[in-house]
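K.L.:
If you scroll down you'll find the structure; I have some questions about it.
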Amino acid sequence: MKRTALFEKHISLGAKMVDFAGWDMPVYYTGIIEEHLHTRSLAGLFDICHMGEFFIEGKDASKEVERLVSCRIADMPDGKCRYGFLLSRDGGIMDDLIVFKISQNEFMIVVNAGTIGKDSSWISGNIKGDVSFFDRSGSIAKIDVQGPSSPSVMGRLAGKEAIENIGRYSFINVKIGPADVLLARTGYTGEIGYELFFDAGYASGMWDSLMRFDEIKPVGLGARDTLRLEMGYPLYGSDICEQVDPFEAGLGRFVYMDKDFIGKEALLARIEKEDKKILMGFECDGRRIARHGFRIEVEGIESGVVTSGGFSPSLKKAIGLCYVDKKAAYEGGKIILTDGNISIEAKLTRTPILKNK
Amino acid sequence: MNLKELKYTKDHEWVKLQGEEAVIGITDHAQSELGDITFIDLPRLGQKVKQSDGIATIESVKAASEVYSPVSGEVFSVNDTLVDAPETVNTSPYEDGWICKISVSGAKELDGLMDHAGYEEYLRELK
């Protein structure tokens, strides 16, 4: 398994470790529920060094990124980020990602850890013109700070005024100690928070600096998953994959149809055929978890499948995401979730599952 | 709870015999392996069980795990506090986190289980 620059920190904190996409990562330090609730009330510190960072640079950078990803690029100001997808020629989702516009000639694209190789081959194989592609995943560290106390923590670390002026889905360049940091107001938890990108050589020092704050606790991938699930954010490999297009996943708003991009033709054909299923959230009646693979029955008829299932520490009940027949997909719709052995009653709900975030 | 008075199974259940009655739970090792427990499917009152029958299902954020009865008999008491507070098994696996009580039909079955020293040795071998 691969190790991030912060591996020793996790071991010395007594983290329970697990293989995640080939990386030896912390699932939890003290407990998933405790870490989850801490992030929603104070601030959680996450090692996310395993994710990928690609750079596309050159005169044709903007043009090429526009052609490769689903979201609109042309109207992005410098310092803005956008969520979108890499689509295959079949219109299926190869990965979900965030594009950072550093300048007209320089873009950073952040991708999932498990798809770095696939995405890198795809992009470098498809870009053309006056542009260069760099995979800097190995040399860039990523640390997330998420939670209501994170602006205060980051303000003390990077300067109050600088932090106060970062809008949602925007980023700045700032010096924190010896490190030049690309500091973005983005995240995967639903709380206000920041993602820090900087040279991996400074990872250990950055972690230590952040751990000194009283509000900060280290949080593992277990709570990262329960946090995103409460928000209904999809996880690549579970809720979205190459067999699914953005519209089925309820994420059509991240596809800009008024431009040319790889996969657009196929996507148009898929939309025509759409009598299919759509991704929705669900809330179970109790605590019993309906896991990935459980079938959905609506009035006795098999109508879909669970793609993510887990426990919500905030709601104290089981929740999840599922693909369900469009005609059954409405707010409050009653469903039964079953694996053939146990049956669980639940209600469909639009995301976010945890409201008022 | 005096851990030395308990008997233990290879699946990390503990049992305390008090006359004809047995109290059952899972060990600290088991709760630690499970992580945060989110749901317990408890046995029904009056349920008859044989040694090694599945008697309860414990779910954590990570996975679901069966609890196997260390003895044969009939369930006469169930810890209802675990319905709304299953995490009690994490914080107090030997006391407040007891799962159920069984009136025992085969007390001799306990002879086949490990004592405290034996279980400690067993845990060392597992590492």
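We name chains A, B, ... following the order of the structure tokens; residues begin at 1 in each chain, and ligands are numbered from 1 as shown.
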Got a sec: who's within 10 Å of Thr91 of chain B, counting only C-alpha atoms, leaving out chain neighbours fewer than 5 positions off, as number ranges by chain?

P.N.:
B: 28, 31-32, 36, 86, 96-97

K.L.:
With only C-alpha atoms considered, list every residue of chain A at most 8 Å from chain B, as a ChimeraX atom specification.

P.N.:
/A:31-33,287-289,310-311

K.L.:
Using only C-alpha atoms, which residue out of B:Leu110, B:Leu34, B:Leu17, B:Leu126 lies closest to Ser52 of chain B?

P.N.:
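Ranked by minimum distance to Ser52 of chain B, first place goes to B:Leu110.
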
K.L.:
What does the distance from atom CA of Ser238 of chain A to atom CA of Ser308 of chain A come to in Å, to one decimal?

P.N.:
6.3 Å

K.L.:
When you look at Cys284 of chain A with a cut-off of 9 Å (counting only C-alpha atoms), what residues show up, excluding the ones that are within fewer than 5 positions of it in the same chain? I need them as a PyMOL selection string.

P.N.:
chain A and resi 289-290+317-320+337+344-348

K.L.:
Would you save the residues from that selection as a compact mmCIF listing (two decimals), in the first residue's frame, using C-alpha atoms?

P.N.:
# COMPACT_ATOMS: atom_id res chain seq x y z
CA ILE A 289 -28.27 0.26 7.81
CA ALA A 290 -29.37 -0.61 4.25
CA LYS A 317 -30.78 6.86 11.90
CA ALA A 318 -29.66 4.98 8.80
CA ILE A 319 -29.54 6.94 5.52
CA GLY A 320 -28.21 6.47 2.02
CA LEU A 337 -34.97 -1.87 1.27
CA ILE A 344 -35.98 -2.02 6.16
CA GLU A 345 -38.64 0.67 5.75
CA ALA A 346 -37.48 4.05 4.47
CA LYS A 347 -38.58 7.27 2.79
CA LEU A 348 -37.10 8.88 -0.30

K.L.:
When DSSP is applied to the backbone of this structure, which of segment 1-113 of chain B are assigned strand (DSSP E or B)? Write them out as a ChimeraX atom specification.

P.N.:
/B:7-8,13-18,21-26,37-41,48-49,54-60,64-68,73-78,100-104

K.L.:
Take the residues that were just selected and, keeping C-alpha atoms, output them as a compact mmCIF listing (two decimals), in the first residue's frame.

P.N.:
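Written output follows (selection-v4.txt):
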# COMPACT_ATOMS: atom_id res chain seq x y z
CA LYS B 7 -16.05 -17.67 30.40
CA TYR B 8 -15.17 -16.75 26.81
CA GLU B 13 -18.60 -13.53 23.53
CA TRP B 14 -18.44 -13.63 27.33
CA VAL B 15 -20.83 -15.48 29.63
CA LYS B 16 -21.38 -15.19 33.39
CA LEU B 17 -23.13 -18.10 35.05
CA GLN B 18 -25.22 -17.34 38.13
CA GLU B 21 -28.94 -18.19 34.66
CA ALA B 22 -26.35 -16.90 32.20
CA VAL B 23 -25.68 -13.28 31.28
CA ILE B 24 -24.18 -12.79 27.81
CA GLY B 25 -22.27 -10.02 26.09
CA ILE B 26 -19.32 -9.35 23.78
CA ILE B 37 -22.03 0.33 17.18
CA THR B 38 -25.14 1.82 15.58
CA PHE B 39 -27.79 -0.93 15.87
CA ILE B 40 -28.36 -4.23 17.67
CA ASP B 41 -30.94 -6.78 16.54
CA LYS B 48 -34.88 -21.04 22.55
CA VAL B 49 -31.26 -21.32 21.52
CA GLY B 54 -26.87 -16.85 16.18
CA ILE B 55 -28.62 -14.90 18.92
CA ALA B 56 -28.13 -11.25 17.97
CA THR B 57 -26.74 -9.10 15.16
CA ILE B 58 -24.54 -6.13 15.99
CA GLU B 59 -24.15 -3.43 13.35
CA SER B 60 -21.45 -0.81 13.31
CA ALA B 64 -22.72 -6.29 10.66
CA SER B 65 -21.56 -9.08 12.93
CA GLU B 66 -23.34 -12.07 14.48
CA VAL B 67 -23.34 -12.83 18.20
CA TYR B 68 -23.40 -16.57 18.88
CA GLY B 73 -31.31 -22.47 26.90
CA GLU B 74 -34.14 -19.94 26.72
CA VAL B 75 -33.87 -16.14 26.58
CA PHE B 76 -35.74 -14.66 29.58
CA SER B 77 -34.36 -11.12 29.62
CA VAL B 78 -33.13 -8.70 26.98
CA CYS B 100 -29.40 -10.88 27.16
CA LYS B 101 -29.96 -13.43 29.91
CA ILE B 102 -30.58 -17.11 29.28
CA SER B 103 -31.97 -19.80 31.57
CA VAL B 104 -29.45 -22.50 30.96

K.L.:
Using only C-alpha atoms, which protein or nucleic acid residues come within 12 Å of segment 161-169 of chain A? Drop anything in the same chain fewer than 4 positions from it, and give the result as a VMD selection string.

P.N.:
chain A and resid 76 to 83 98 to 101 150 to 157 173 to 176 182 to 188 190 to 195

K.L.:
Just to be explicit: take each residue in the selection above, keep C-alpha atoms, and write the result as a PDB file, in the first residue's frame.

P.N.:
ATOM      1  CA  MET A  76     -14.485  31.518 -14.849  1.00  0.00           C
ATOM      2  CA  PRO A  77     -12.543  34.385 -13.298  1.00  0.00           C
ATOM      3  CA  ASP A  78      -9.039  33.679 -11.971  1.00  0.00           C
ATOM      4  CA  GLY A  79      -9.282  32.235  -8.451  1.00  0.00           C
ATOM      5  CA  LYS A  80     -12.539  30.378  -9.042  1.00  0.00           C
ATOM      6  CA  CYS A  81     -13.203  26.610  -8.764  1.00  0.00           C
ATOM      7  CA  ARG A  82     -15.953  24.521 -10.296  1.00  0.00           C
ATOM      8  CA  TYR A  83     -17.257  20.979  -9.827  1.00  0.00           C
ATOM      9  CA  ILE A  98     -12.932  20.208  -9.302  1.00  0.00           C
ATOM     10  CA  VAL A  99     -11.316  22.588 -11.783  1.00  0.00           C
ATOM     11  CA  PHE A 100      -9.297  25.502 -10.361  1.00  0.00           C
ATOM     12  CA  LYS A 101      -8.636  28.408 -12.710  1.00  0.00           C
ATOM     13  CA  SER A 150     -12.441  26.577  10.449  1.00  0.00           C
ATOM     14  CA  PRO A 151     -12.602  30.255   9.368  1.00  0.00           C
ATOM     15  CA  SER A 152     -11.387  31.246  12.815  1.00  0.00           C
ATOM     16  CA  VAL A 153      -8.598  28.643  12.794  1.00  0.00           C
ATOM     17  CA  MET A 154      -7.490  29.518   9.258  1.00  0.00           C
ATOM     18  CA  GLY A 155      -7.746  33.219  10.061  1.00  0.00           C
ATOM     19  CA  ARG A 156      -5.264  32.783  12.889  1.00  0.00           C
ATOM     20  CA  LEU A 157      -2.987  30.733  10.655  1.00  0.00           C
ATOM     21  CA  ASN A 173      -2.499  31.909  -2.758  1.00  0.00           C
ATOM     22  CA  VAL A 174      -1.162  32.538   0.726  1.00  0.00           C
ATOM     23  CA  LYS A 175       1.977  31.819   2.704  1.00  0.00           C
ATOM     24  CA  ILE A 176       1.545  29.699   5.833  1.00  0.00           C
ATOM     25  CA  LEU A 182      -3.314  27.291  -2.635  1.00  0.00           C
ATOM     26  CA  LEU A 183      -6.133  27.767  -0.146  1.00  0.00           C
ATOM     27  CA  ALA A 184      -9.641  26.998  -1.436  1.00  0.00           C
ATOM     28  CA  ARG A 185     -13.013  27.389   0.178  1.00  0.00           C
ATOM     29  CA  THR A 186     -14.253  23.976  -0.899  1.00  0.00           C
ATOM     30  CA  GLY A 187     -14.951  20.686   0.835  1.00  0.00           C
ATOM     31  CA  TYR A 188     -16.829  17.422   1.049  1.00  0.00           C
ATOM     32  CA  GLY A 190     -21.358  20.449   3.948  1.00  0.00           C
ATOM     33  CA  GLU A 191     -19.712  22.621   6.616  1.00  0.00           C
ATOM     34  CA  ILE A 192     -17.795  25.793   5.866  1.00  0.00           C
ATOM     35  CA  GLY A 193     -14.218  24.687   5.297  1.00  0.00           C
ATOM     36  CA  TYR A 194     -10.992  24.836   3.364  1.00  0.00           C
ATOM     37  CA  GLU A 195      -8.784  22.622   1.246  1.00  0.00           C
TER      38      GLU A 195
END

K.L.:
To one decimal place, how far is atom CA of Glu106 of chain A from atom CA of Cys71 of chain A in Å?

P.N.:
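Taking atom CA of Glu106 of chain A as the start and atom CA of Cys71 of chain A as the end point, the length is 16.5 Å.
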
K.L.:
One decimal, in Å: what's the spacing between atom CA of Ala30 of chain B and atom CA of Asn90 of chain B?

P.N.:
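Atom CA of Asn90 of chain B lies at a distance of 9.0 Å from atom CA of Ala30 of chain B.
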
K.L.:
Residues near Ala328 of chain A, anyone? I mean within 10 Å using only C-alpha atoms, not counting same-chain ones fewer than 3 positions away, as a list in words.

P.N.:
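Final neighbour list, sorted by chain and number: Lys277, Ile278, Val298, Glu299, Ser303, Gly304, Val324, Asp325, Glu331, Gly333, Lys334, Ile335 and Leu348 of chain A.
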
K.L.:
Under the rule that only C-alpha atoms are counted, which of A:Ser343, A:Thr351, A:Thr39, A:Thr115 is the nearest residue to Pro313 of chain A?

P.N.:
A:Thr39

K.L.:
Go through chain B and collect every residue that DSSP, computed from the backbone, puts in helix (DSSP H, G or I); the answer should be as a PDB file with N, CA and C atoms, in the first residue's frame.

P.N.:
ATOM      1  N   LEU B   3     -13.734  -9.849  35.515  1.00  0.00           N
ATOM      2  CA  LEU B   3     -13.521 -10.544  34.241  1.00  0.00           C
ATOM      3  C   LEU B   3     -13.014 -11.975  34.431  1.00  0.00           C
ATOM      4  N   LYS B   4     -12.381 -12.214  35.584  1.00  0.00           N
ATOM      5  CA  LYS B   4     -11.833 -13.557  35.825  1.00  0.00           C
ATOM      6  C   LYS B   4     -12.938 -14.575  36.111  1.00  0.00           C
ATOM      7  N   GLU B   5     -14.146 -14.074  36.434  1.00  0.00           N
ATOM      8  CA  GLU B   5     -15.255 -14.991  36.714  1.00  0.00           C
ATOM      9  C   GLU B   5     -16.003 -15.384  35.450  1.00  0.00           C
ATOM     10  N   ASP B  28     -14.404  -6.699  25.196  1.00  0.00           N
ATOM     11  CA  ASP B  28     -13.835  -5.403  24.838  1.00  0.00           C
ATOM     12  C   ASP B  28     -13.122  -5.486  23.493  1.00  0.00           C
ATOM     13  N   HIS B  29     -12.449  -6.606  23.256  1.00  0.00           N
ATOM     14  CA  HIS B  29     -11.774  -6.807  21.969  1.00  0.00           C
ATOM     15  C   HIS B  29     -12.788  -6.734  20.828  1.00  0.00           C
ATOM     16  N   ALA B  30     -13.931  -7.401  21.014  1.00  0.00           N
ATOM     17  CA  ALA B  30     -14.960  -7.436  19.964  1.00  0.00           C
ATOM     18  C   ALA B  30     -15.521  -6.043  19.689  1.00  0.00           C
ATOM     19  N   GLN B  31     -15.835  -5.280  20.747  1.00  0.00           N
ATOM     20  CA  GLN B  31     -16.426  -3.956  20.525  1.00  0.00           C
ATOM     21  C   GLN B  31     -15.410  -3.031  19.877  1.00  0.00           C
ATOM     22  N   SER B  32     -14.149  -3.206  20.215  1.00  0.00           N
ATOM     23  CA  SER B  32     -13.111  -2.371  19.624  1.00  0.00           C
ATOM     24  C   SER B  32     -12.956  -2.669  18.138  1.00  0.00           C
ATOM     25  N   GLU B  33     -13.022  -3.945  17.788  1.00  0.00           N
ATOM     26  CA  GLU B  33     -12.921  -4.335  16.383  1.00  0.00           C
ATOM     27  C   GLU B  33     -14.092  -3.801  15.564  1.00  0.00           C
ATOM     28  N   LEU B  34     -15.276  -3.756  16.179  1.00  0.00           N
ATOM     29  CA  LEU B  34     -16.479  -3.318  15.473  1.00  0.00           C
ATOM     30  C   LEU B  34     -16.486  -1.814  15.206  1.00  0.00           C
ATOM     31  N   THR B  81     -32.206  -1.203  26.806  1.00  0.00           N
ATOM     32  CA  THR B  81     -31.538   0.102  26.661  1.00  0.00           C
ATOM     33  C   THR B  81     -30.693   0.139  25.396  1.00  0.00           C
ATOM     34  N   LEU B  82     -30.348  -1.066  24.886  1.00  0.00           N
ATOM     35  CA  LEU B  82     -29.507  -1.116  23.683  1.00  0.00           C
ATOM     36  C   LEU B  82     -30.272  -0.747  22.414  1.00  0.00           C
ATOM     37  N   VAL B  83     -31.601  -0.639  22.503  1.00  0.00           N
ATOM     38  CA  VAL B  83     -32.394  -0.258  21.332  1.00  0.00           C
ATOM     39  C   VAL B  83     -32.085   1.186  20.937  1.00  0.00           C
ATOM     40  N   ASP B  84     -32.135   2.088  21.922  1.00  0.00           N
ATOM     41  CA  ASP B  84     -31.862   3.503  21.626  1.00  0.00           C
ATOM     42  C   ASP B  84     -30.427   3.905  21.888  1.00  0.00           C
ATOM     43  N   THR B  88     -23.716   1.726  24.037  1.00  0.00           N
ATOM     44  CA  THR B  88     -23.405   1.279  25.406  1.00  0.00           C
ATOM     45  C   THR B  88     -22.496   0.054  25.374  1.00  0.00           C
ATOM     46  N   VAL B  89     -22.648  -0.774  24.327  1.00  0.00           N
ATOM     47  CA  VAL B  89     -21.789  -1.954  24.215  1.00  0.00           C
ATOM     48  C   VAL B  89     -20.340  -1.526  23.995  1.00  0.00           C
ATOM     49  N   ASN B  90     -20.134  -0.394  23.313  1.00  0.00           N
ATOM     50  CA  ASN B  90     -18.758   0.117  23.129  1.00  0.00           C
ATOM     51  C   ASN B  90     -18.188   0.606  24.456  1.00  0.00           C
ATOM     52  N   THR B  91     -18.974   1.400  25.202  1.00  0.00           N
ATOM     53  CA  THR B  91     -18.447   2.064  26.394  1.00  0.00           C
ATOM     54  C   THR B  91     -18.423   1.154  27.607  1.00  0.00           C
ATOM     55  N   ALA B 107     -25.575 -26.540  31.534  1.00  0.00           N
ATOM     56  CA  ALA B 107     -24.485 -25.838  32.220  1.00  0.00           C
ATOM     57  C   ALA B 107     -23.112 -26.445  31.923  1.00  0.00           C
ATOM     58  N   LYS B 108     -23.102 -27.732  31.630  1.00  0.00           N
ATOM     59  CA  LYS B 108     -21.823 -28.405  31.351  1.00  0.00           C
ATOM     60  C   LYS B 108     -21.140 -27.830  30.115  1.00  0.00           C
ATOM     61  N   GLU B 109     -21.934 -27.172  29.237  1.00  0.00           N
ATOM     62  CA  GLU B 109     -21.376 -26.610  28.009  1.00  0.00           C
ATOM     63  C   GLU B 109     -20.295 -25.579  28.308  1.00  0.00           C
ATOM     64  N   LEU B 110     -20.422 -24.932  29.455  1.00  0.00           N
ATOM     65  CA  LEU B 110     -19.441 -23.902  29.797  1.00  0.00           C
ATOM     66  C   LEU B 110     -18.049 -24.486  30.015  1.00  0.00           C
ATOM     67  N   ASP B 111     -17.992 -25.782  30.331  1.00  0.00           N
ATOM     68  CA  ASP B 111     -16.682 -26.400  30.547  1.00  0.00           C
ATOM     69  C   ASP B 111     -15.816 -26.320  29.306  1.00  0.00           C
ATOM     70  N   GLY B 112     -16.468 -26.295  28.145  1.00  0.00           N
ATOM     71  CA  GLY B 112     -15.730 -26.244  26.885  1.00  0.00           C
ATOM     72  C   GLY B 112     -15.232 -24.859  26.513  1.00  0.00           C
ATOM     73  N   HIS B 116     -10.560 -16.805  31.744  1.00  0.00           N
ATOM     74  CA  HIS B 116      -9.985 -15.494  31.451  1.00  0.00           C
ATOM     75  C   HIS B 116      -8.549 -15.598  30.945  1.00  0.00           C
ATOM     76  N   ALA B 117      -7.746 -16.406  31.629  1.00  0.00           N
ATOM     77  CA  ALA B 117      -6.334 -16.560  31.233  1.00  0.00           C
ATOM     78  C   ALA B 117      -6.235 -17.163  29.838  1.00  0.00           C
ATOM     79  N   GLY B 118      -7.106 -18.145  29.579  1.00  0.00           N
ATOM     80  CA  GLY B 118      -7.133 -18.787  28.269  1.00  0.00           C
ATOM     81  C   GLY B 118      -7.511 -17.803  27.168  1.00  0.00           C
ATOM     82  N   TYR B 119      -8.472 -16.933  27.458  1.00  0.00           N
ATOM     83  CA  TYR B 119      -8.916 -15.943  26.459  1.00  0.00           C
ATOM     84  C   TYR B 119      -7.819 -14.917  26.189  1.00  0.00           C
ATOM     85  N   GLU B 120      -7.136 -14.498  27.248  1.00  0.00           N
ATOM     86  CA  GLU B 120      -6.029 -13.546  27.081  1.00  0.00           C
ATOM     87  C   GLU B 120      -4.950 -14.137  26.180  1.00  0.00           C
ATOM     88  N   GLU B 121      -4.668 -15.429  26.403  1.00  0.00           N
ATOM     89  CA  GLU B 121      -3.668 -16.137  25.588  1.00  0.00           C
ATOM     90  C   GLU B 121      -4.143 -16.198  24.136  1.00  0.00           C
ATOM     91  N   TYR B 122      -5.420 -16.496  23.969  1.00  0.00           N
ATOM     92  CA  TYR B 122      -6.037 -16.589  22.643  1.00  0.00           C
ATOM     93  C   TYR B 122      -5.892 -15.258  21.899  1.00  0.00           C
ATOM     94  N   LEU B 123      -6.129 -14.141  22.613  1.00  0.00           N
ATOM     95  CA  LEU B 123      -6.003 -12.813  21.991  1.00  0.00           C
ATOM     96  C   LEU B 123      -4.568 -12.543  21.558  1.00  0.00           C
ATOM     97  N   ARG B 124      -3.619 -13.000  22.391  1.00  0.00           N
ATOM     98  CA  ARG B 124      -2.212 -12.786  22.051  1.00  0.00           C
ATOM     99  C   ARG B 124      -1.864 -13.544  20.771  1.00  0.00           C
ATOM    100  N   GLU B 125      -2.408 -14.737  20.650  1.00  0.00           N
ATOM    101  CA  GLU B 125      -2.116 -15.552  19.456  1.00  0.00           C
ATOM    102  C   GLU B 125      -2.715 -14.943  18.193  1.00  0.00           C
ATOM    103  N   LEU B 126      -3.819 -14.209  18.364  1.00  0.00           N
ATOM    104  CA  LEU B 126      -4.500 -13.630  17.200  1.00  0.00           C
ATOM    105  C   LEU B 126      -3.690 -12.496  16.564  1.00  0.00           C
TER     106      LEU B 126
END

K.L.:
Which residues come within 10 Å of Ile271 of chain A, counting only C-alpha atoms, excluding same-chain residues fewer than 2 positions away, as JSON, numbers by chain?

P.N.:
{"A": [91, 245, 246, 247, 248, 266, 267, 268, 269, 273, 274, 275, 276]}

K.L.:
Could you take the residues named above and write them with N, CA and C atoms, as a PDB file, in the first residue's frame?

P.N.:
ATOM      1  N   GLY A  91     -20.571   9.059 -22.790  1.00  0.00           N
ATOM      2  CA  GLY A  91     -21.345   9.960 -21.938  1.00  0.00           C
ATOM      3  C   GLY A  91     -21.388   9.519 -20.482  1.00  0.00           C
ATOM      4  N   ASP A 245     -24.652   8.419 -16.320  1.00  0.00           N
ATOM      5  CA  ASP A 245     -24.343   9.766 -16.816  1.00  0.00           C
ATOM      6  C   ASP A 245     -24.794  10.802 -15.783  1.00  0.00           C
ATOM      7  N   PRO A 246     -24.323  12.070 -15.882  1.00  0.00           N
ATOM      8  CA  PRO A 246     -24.628  13.079 -14.872  1.00  0.00           C
ATOM      9  C   PRO A 246     -26.124  13.331 -14.676  1.00  0.00           C
ATOM     10  N   PHE A 247     -26.921  13.160 -15.716  1.00  0.00           N
ATOM     11  CA  PHE A 247     -28.347  13.461 -15.579  1.00  0.00           C
ATOM     12  C   PHE A 247     -29.050  12.412 -14.734  1.00  0.00           C
ATOM     13  N   GLU A 248     -28.677  11.131 -14.926  1.00  0.00           N
ATOM     14  CA  GLU A 248     -29.237  10.071 -14.073  1.00  0.00           C
ATOM     15  C   GLU A 248     -28.859  10.284 -12.635  1.00  0.00           C
ATOM     16  N   ALA A 266     -22.892  11.501 -27.159  1.00  0.00           N
ATOM     17  CA  ALA A 266     -23.443  10.307 -26.519  1.00  0.00           C
ATOM     18  C   ALA A 266     -24.408  10.696 -25.410  1.00  0.00           C
ATOM     19  N   LEU A 267     -24.062  11.778 -24.701  1.00  0.00           N
ATOM     20  CA  LEU A 267     -24.891  12.239 -23.596  1.00  0.00           C
ATOM     21  C   LEU A 267     -26.269  12.668 -24.105  1.00  0.00           C
ATOM     22  N   LEU A 268     -26.274  13.386 -25.240  1.00  0.00           N
ATOM     23  CA  LEU A 268     -27.545  13.820 -25.835  1.00  0.00           C
ATOM     24  C   LEU A 268     -28.419  12.612 -26.167  1.00  0.00           C
ATOM     25  N   ALA A 269     -27.793  11.574 -26.713  1.00  0.00           N
ATOM     26  CA  ALA A 269     -28.532  10.358 -27.063  1.00  0.00           C
ATOM     27  C   ALA A 269     -29.077   9.682 -25.799  1.00  0.00           C
ATOM     28  N   LYS A 273     -33.140   8.824 -24.328  1.00  0.00           N
ATOM     29  CA  LYS A 273     -33.634   7.508 -23.909  1.00  0.00           C
ATOM     30  C   LYS A 273     -34.142   7.500 -22.487  1.00  0.00           C
ATOM     31  N   GLU A 274     -34.038   8.598 -21.806  1.00  0.00           N
ATOM     32  CA  GLU A 274     -34.265   8.633 -20.363  1.00  0.00           C
ATOM     33  C   GLU A 274     -35.668   8.244 -19.907  1.00  0.00           C
ATOM     34  N   ASP A 275     -35.860   6.966 -19.609  1.00  0.00           N
ATOM     35  CA  ASP A 275     -37.073   6.572 -18.886  1.00  0.00           C
ATOM     36  C   ASP A 275     -36.607   5.791 -17.687  1.00  0.00           C
ATOM     37  N   LYS A 276     -35.374   6.084 -17.319  1.00  0.00           N
ATOM     38  CA  LYS A 276     -34.662   5.181 -16.421  1.00  0.00           C
ATOM     39  C   LYS A 276     -34.786   5.559 -14.953  1.00  0.00           C
TER      40      LYS A 276
END
